[in-house]
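Heads up, the thing below is written out as structure tokens.
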Amino acid sequence: LAKTTQPISMDSYEGQEVNITCSHNNIATNDYITWYQQFPSQGPRFIIQGYKTKVTNEVASLFIPADRKSSTLSLPRVSLSDTAVYYCLAWGNTGFQKLVFGTGTRLLVSP
Amino acid sequence: NAGVTQTPKFQVLKTGQSMTLQCAQDMNHNSMYWYRQDPGMGLRLIYYSASEGTTDKGEVPNGYNVSRLNKREFSLRLESAAPSQTSVYFCASSDVLSNQPQHFGDGTRLSIL
């Protein structure tokens with residue numbers, strides 16, 4: 001399981017696009033990249049997952065370069081309700097014991 | 001669709017008491033996990049069960065035991081609670097063999113005095 005590094009915090013304003021980058025230099029060939037969102041007093045909520053190139057769903061896009069050593073979560077036109085902690089995880093179906101989320105990125109969206 | 005259900009939501013214990021946290025999932029997932037999250041920190045894996053009938057230690061297993069009761073249920077037991085185990089505990093499940101992400105419950109907030 002690859003160790004991930006993210007910025008501790010980011011600030012934005014409503015309506016802006018936010019890009020959060022995660023570094024996972026030691027990612028294994030079979031590892032997927034998954035992003036979660038967590039609000040206070042709630043469990044992490046799945047946002048998006050990808051293996052390579054670009055993945056888009058109704059709430060976010062995930063960009064993964066060819067070397068897969070990093071990934072970028074893109075949140076289009078954020079609102080106040082997007083204020084949360086965002087976690088990046090690079091994982092595969094082996095090495096469960098090293099499944100560590102890290103401290104995440106605390107995103108604050110202001111009016 | 002309830003997803004992952006954890007009980008209780010809150011609990012206060014005295015040092016030395018024992019307690020079992022319950023977790024159940026209704027998504028037919030083969031893998032289940034227990035995490036703890038301390039204030040301002042990320043989640044740390046306590047134990048996991050890759051499939052029914054198996055359990056293994058995660059990053060921080062000391063002071064805990066688990067039981068995979070059946071495919072749906074995975075319990076976490078504190079035999080002799082200590083103040084250092086004050087935390088929020090999250091249960092999760094996933095279908096790892098198809099590389100599906102984990103689904104989390106809303107947590108159990110545990111305080112040990």
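Ordered as shown in the structure tokens, chains take letters A, B, and onward, while each chain numbers its residues from 1 and ligands are numbered from 1 in the order shown.
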
Shell of 10 Å around Gln85 in chain B, only C-alpha atoms, local chain residues under 5 positions omitted, as a PyMOL selection string: chain B and resi 15+36+38+63-64+78+80+110-113

Taking only C-alpha atoms into account, find every residue of chain B that has an atom no more than 7 Å from chain A, and write it out as an NGL selection string. :B and (41-45 or 57-59 or 90 or 96-97 or 99 or 104-107)

Just to be explicit: take each residue in the selection above, keep all heavy atoms, and write the result as a short mmCIF file (atom, residue, chain, number, x, y, z; two decimals), in the first residue's frame.
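Output contents, as saved in selection17.cif:
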```
data_model
loop_
_atom_site.label_atom_id
_atom_site.label_comp_id
_atom_site.auth_asym_id
_atom_site.auth_seq_id
_atom_site.Cartn_x
_atom_site.Cartn_y
_atom_site.Cartn_z
N MET B 41 -7.05 13.70 13.35
CA MET B 41 -6.19 12.69 12.71
C MET B 41 -6.95 11.94 11.64
O MET B 41 -8.18 11.98 11.57
CB MET B 41 -5.69 11.70 13.77
CG MET B 41 -4.96 12.35 14.92
SD MET B 41 -3.39 13.05 14.42
CE MET B 41 -2.45 11.57 14.16
N GLY B 42 -6.20 11.22 10.84
CA GLY B 42 -6.82 10.32 9.88
C GLY B 42 -7.25 9.03 10.54
O GLY B 42 -7.11 8.85 11.75
N LEU B 43 -7.77 8.12 9.75
CA LEU B 43 -8.23 6.84 10.27
C LEU B 43 -7.06 5.85 10.33
O LEU B 43 -6.24 5.80 9.41
CB LEU B 43 -9.32 6.26 9.38
CG LEU B 43 -10.68 6.94 9.46
CD1 LEU B 43 -10.75 8.19 8.62
CD2 LEU B 43 -11.78 5.96 9.05
N ARG B 44 -7.04 5.08 11.39
CA ARG B 44 -6.03 4.03 11.53
C ARG B 44 -6.73 2.69 11.65
O ARG B 44 -7.67 2.52 12.43
CB ARG B 44 -5.15 4.29 12.77
CG ARG B 44 -4.26 5.51 12.62
CD ARG B 44 -3.33 5.64 13.80
NE ARG B 44 -4.02 5.97 15.03
CZ ARG B 44 -3.45 5.98 16.24
NH1 ARG B 44 -2.17 5.64 16.36
NH2 ARG B 44 -4.15 6.30 17.30
N LEU B 45 -6.23 1.72 10.88
CA LEU B 45 -6.85 0.41 10.82
C LEU B 45 -6.51 -0.40 12.06
O LEU B 45 -5.34 -0.57 12.40
CB LEU B 45 -6.37 -0.32 9.56
CG LEU B 45 -6.99 -1.68 9.28
CD1 LEU B 45 -8.47 -1.55 8.99
CD2 LEU B 45 -6.27 -2.35 8.11
N LYS B 57 -4.68 -8.52 11.95
CA LYS B 57 -4.35 -7.27 12.61
C LYS B 57 -4.05 -6.18 11.59
O LYS B 57 -3.48 -6.43 10.54
CB LYS B 57 -3.13 -7.47 13.51
CG LYS B 57 -3.36 -8.43 14.66
CD LYS B 57 -2.08 -8.62 15.46
CE LYS B 57 -2.32 -9.60 16.61
NZ LYS B 57 -1.08 -9.83 17.40
N GLY B 58 -4.44 -4.96 11.97
CA GLY B 58 -4.09 -3.80 11.20
C GLY B 58 -2.92 -3.07 11.84
O GLY B 58 -2.04 -3.68 12.44
N GLU B 59 -2.97 -1.75 11.75
CA GLU B 59 -1.85 -0.93 12.24
C GLU B 59 -1.83 -0.83 13.77
O GLU B 59 -0.76 -0.79 14.37
CB GLU B 59 -1.97 0.47 11.64
CG GLU B 59 -0.85 1.42 12.04
CD GLU B 59 -1.13 2.85 11.60
OE1 GLU B 59 -2.24 3.12 11.10
OE2 GLU B 59 -0.24 3.71 11.77
N PHE B 90 -14.87 3.59 13.52
CA PHE B 90 -15.62 3.42 12.29
C PHE B 90 -15.48 1.99 11.78
O PHE B 90 -14.39 1.44 11.77
CB PHE B 90 -15.13 4.37 11.21
CG PHE B 90 -15.45 5.81 11.47
CD1 PHE B 90 -14.50 6.67 11.97
CD2 PHE B 90 -16.73 6.30 11.20
CE1 PHE B 90 -14.80 8.01 12.21
CE2 PHE B 90 -17.04 7.63 11.43
CZ PHE B 90 -16.07 8.48 11.94
N VAL B 96 -13.62 -6.29 -2.01
CA VAL B 96 -12.24 -6.05 -2.42
C VAL B 96 -11.89 -6.78 -3.71
O VAL B 96 -11.15 -6.27 -4.55
CB VAL B 96 -11.28 -6.47 -1.29
CG1 VAL B 96 -9.86 -6.56 -1.80
CG2 VAL B 96 -11.37 -5.48 -0.15
N LEU B 97 -12.41 -7.97 -3.88
CA LEU B 97 -12.03 -8.77 -5.05
C LEU B 97 -12.41 -8.10 -6.36
O LEU B 97 -11.80 -8.36 -7.39
CB LEU B 97 -12.66 -10.16 -4.95
CG LEU B 97 -12.14 -11.01 -3.79
CD1 LEU B 97 -12.81 -12.36 -3.77
CD2 LEU B 97 -10.62 -11.17 -3.86
N ASN B 99 -12.33 -4.78 -6.49
CA ASN B 99 -11.70 -3.46 -6.32
C ASN B 99 -12.70 -2.35 -6.05
O ASN B 99 -12.53 -1.22 -6.50
CB ASN B 99 -10.85 -3.12 -7.56
CG ASN B 99 -9.66 -4.04 -7.68
OD1 ASN B 99 -8.93 -4.24 -6.72
ND2 ASN B 99 -9.47 -4.61 -8.85
N PHE B 104 -18.51 3.23 4.66
CA PHE B 104 -18.34 3.42 6.10
C PHE B 104 -19.66 3.63 6.83
O PHE B 104 -20.62 4.19 6.27
CB PHE B 104 -17.46 4.65 6.37
CG PHE B 104 -16.01 4.42 6.08
CD1 PHE B 104 -15.53 4.50 4.79
CD2 PHE B 104 -15.13 4.11 7.11
CE1 PHE B 104 -14.19 4.29 4.52
CE2 PHE B 104 -13.79 3.90 6.85
CZ PHE B 104 -13.32 4.00 5.56
N GLY B 105 -19.68 3.20 8.09
CA GLY B 105 -20.76 3.57 8.98
C GLY B 105 -20.52 4.96 9.54
O GLY B 105 -19.51 5.60 9.24
N ASP B 106 -21.46 5.42 10.38
CA ASP B 106 -21.35 6.76 10.94
C ASP B 106 -20.58 6.83 12.24
O ASP B 106 -20.48 7.90 12.85
CB ASP B 106 -22.75 7.36 11.12
CG ASP B 106 -23.32 7.84 9.80
OD1 ASP B 106 -22.53 8.18 8.91
OD2 ASP B 106 -24.56 7.86 9.67
N GLY B 107 -20.07 5.73 12.70
CA GLY B 107 -19.15 5.75 13.82
C GLY B 107 -19.78 5.54 15.19
O GLY B 107 -20.97 5.75 15.39
#
```

Considering only C-alpha atoms, return as a ChimeraX atom specification whatever protein or nucleic-acid residues lie within 12 Å of range 6-15 of chain A, sequence-local ones (same chain, fewer than 6 positions apart) excluded. /A:21-24,35,70-73,75-89,101-111 /B:40-42

Close residues, range 65-74 of chain B itself excluded, 10 Å, only C-alpha atoms, min 3 positions apart in chain, as a PyMOL selection string: chain B and resi 4-6+20-34+46-57+61-62+77-79+91-93

Here CA of Ser74 in chain A and CA of Val59 in chain A stand apart by 9.1 Å

List every residue of range 5-106 of chain A that DSSP, applied to the backbone of this structure, places in strand (DSSP E), and write the result as an MDAnalysis selection string. chainID A and resid 9:13 18:23 32:38 45:50 53:56 61:64 70:75 84:91 105:106

Measuring between only C-alpha atoms, which one of B:Gln11, B:Ser18, B:Tyr89, B:Ala82 shows the shortest distance to Tyr35 in chain B?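 Closest to Tyr35 in chain B, using only C-alpha atoms: B:Tyr89.
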
Distance query Asn26 in chain A at most 12 Å, only C-alpha atoms, self and fewer than 5 positions along chain excluded, as a PyMOL selection string: chain A and resi 1-5+31+67-70+90-91

Mind dumping the selected residues with C-alpha atoms as a PDB file, in the first residue's frame?
```
ATOM      1  CA  LEU A   1       0.000   0.000   0.000  1.00  0.00           C
ATOM      2  CA  ALA A   2       1.448   3.353  -1.056  1.00  0.00           C
ATOM      3  CA  LYS A   3       1.964   6.124   1.465  1.00  0.00           C
ATOM      4  CA  THR A   4       0.111   9.255   0.387  1.00  0.00           C
ATOM      5  CA  THR A   5       0.905  12.924   0.943  1.00  0.00           C
ATOM      6  CA  ASP A  31      -3.299  -0.237  -6.679  1.00  0.00           C
ATOM      7  CA  ASP A  67       3.313   7.463 -14.095  1.00  0.00           C
ATOM      8  CA  ARG A  68       0.507   7.268 -11.476  1.00  0.00           C
ATOM      9  CA  LYS A  69       2.746   8.776  -8.796  1.00  0.00           C
ATOM     10  CA  SER A  70       0.178  11.454  -8.060  1.00  0.00           C
ATOM     11  CA  ALA A  90      -3.872   4.263  -2.867  1.00  0.00           C
ATOM     12  CA  TRP A  91      -4.727   0.645  -2.215  1.00  0.00           C
TER      13      TRP A  91
END
```
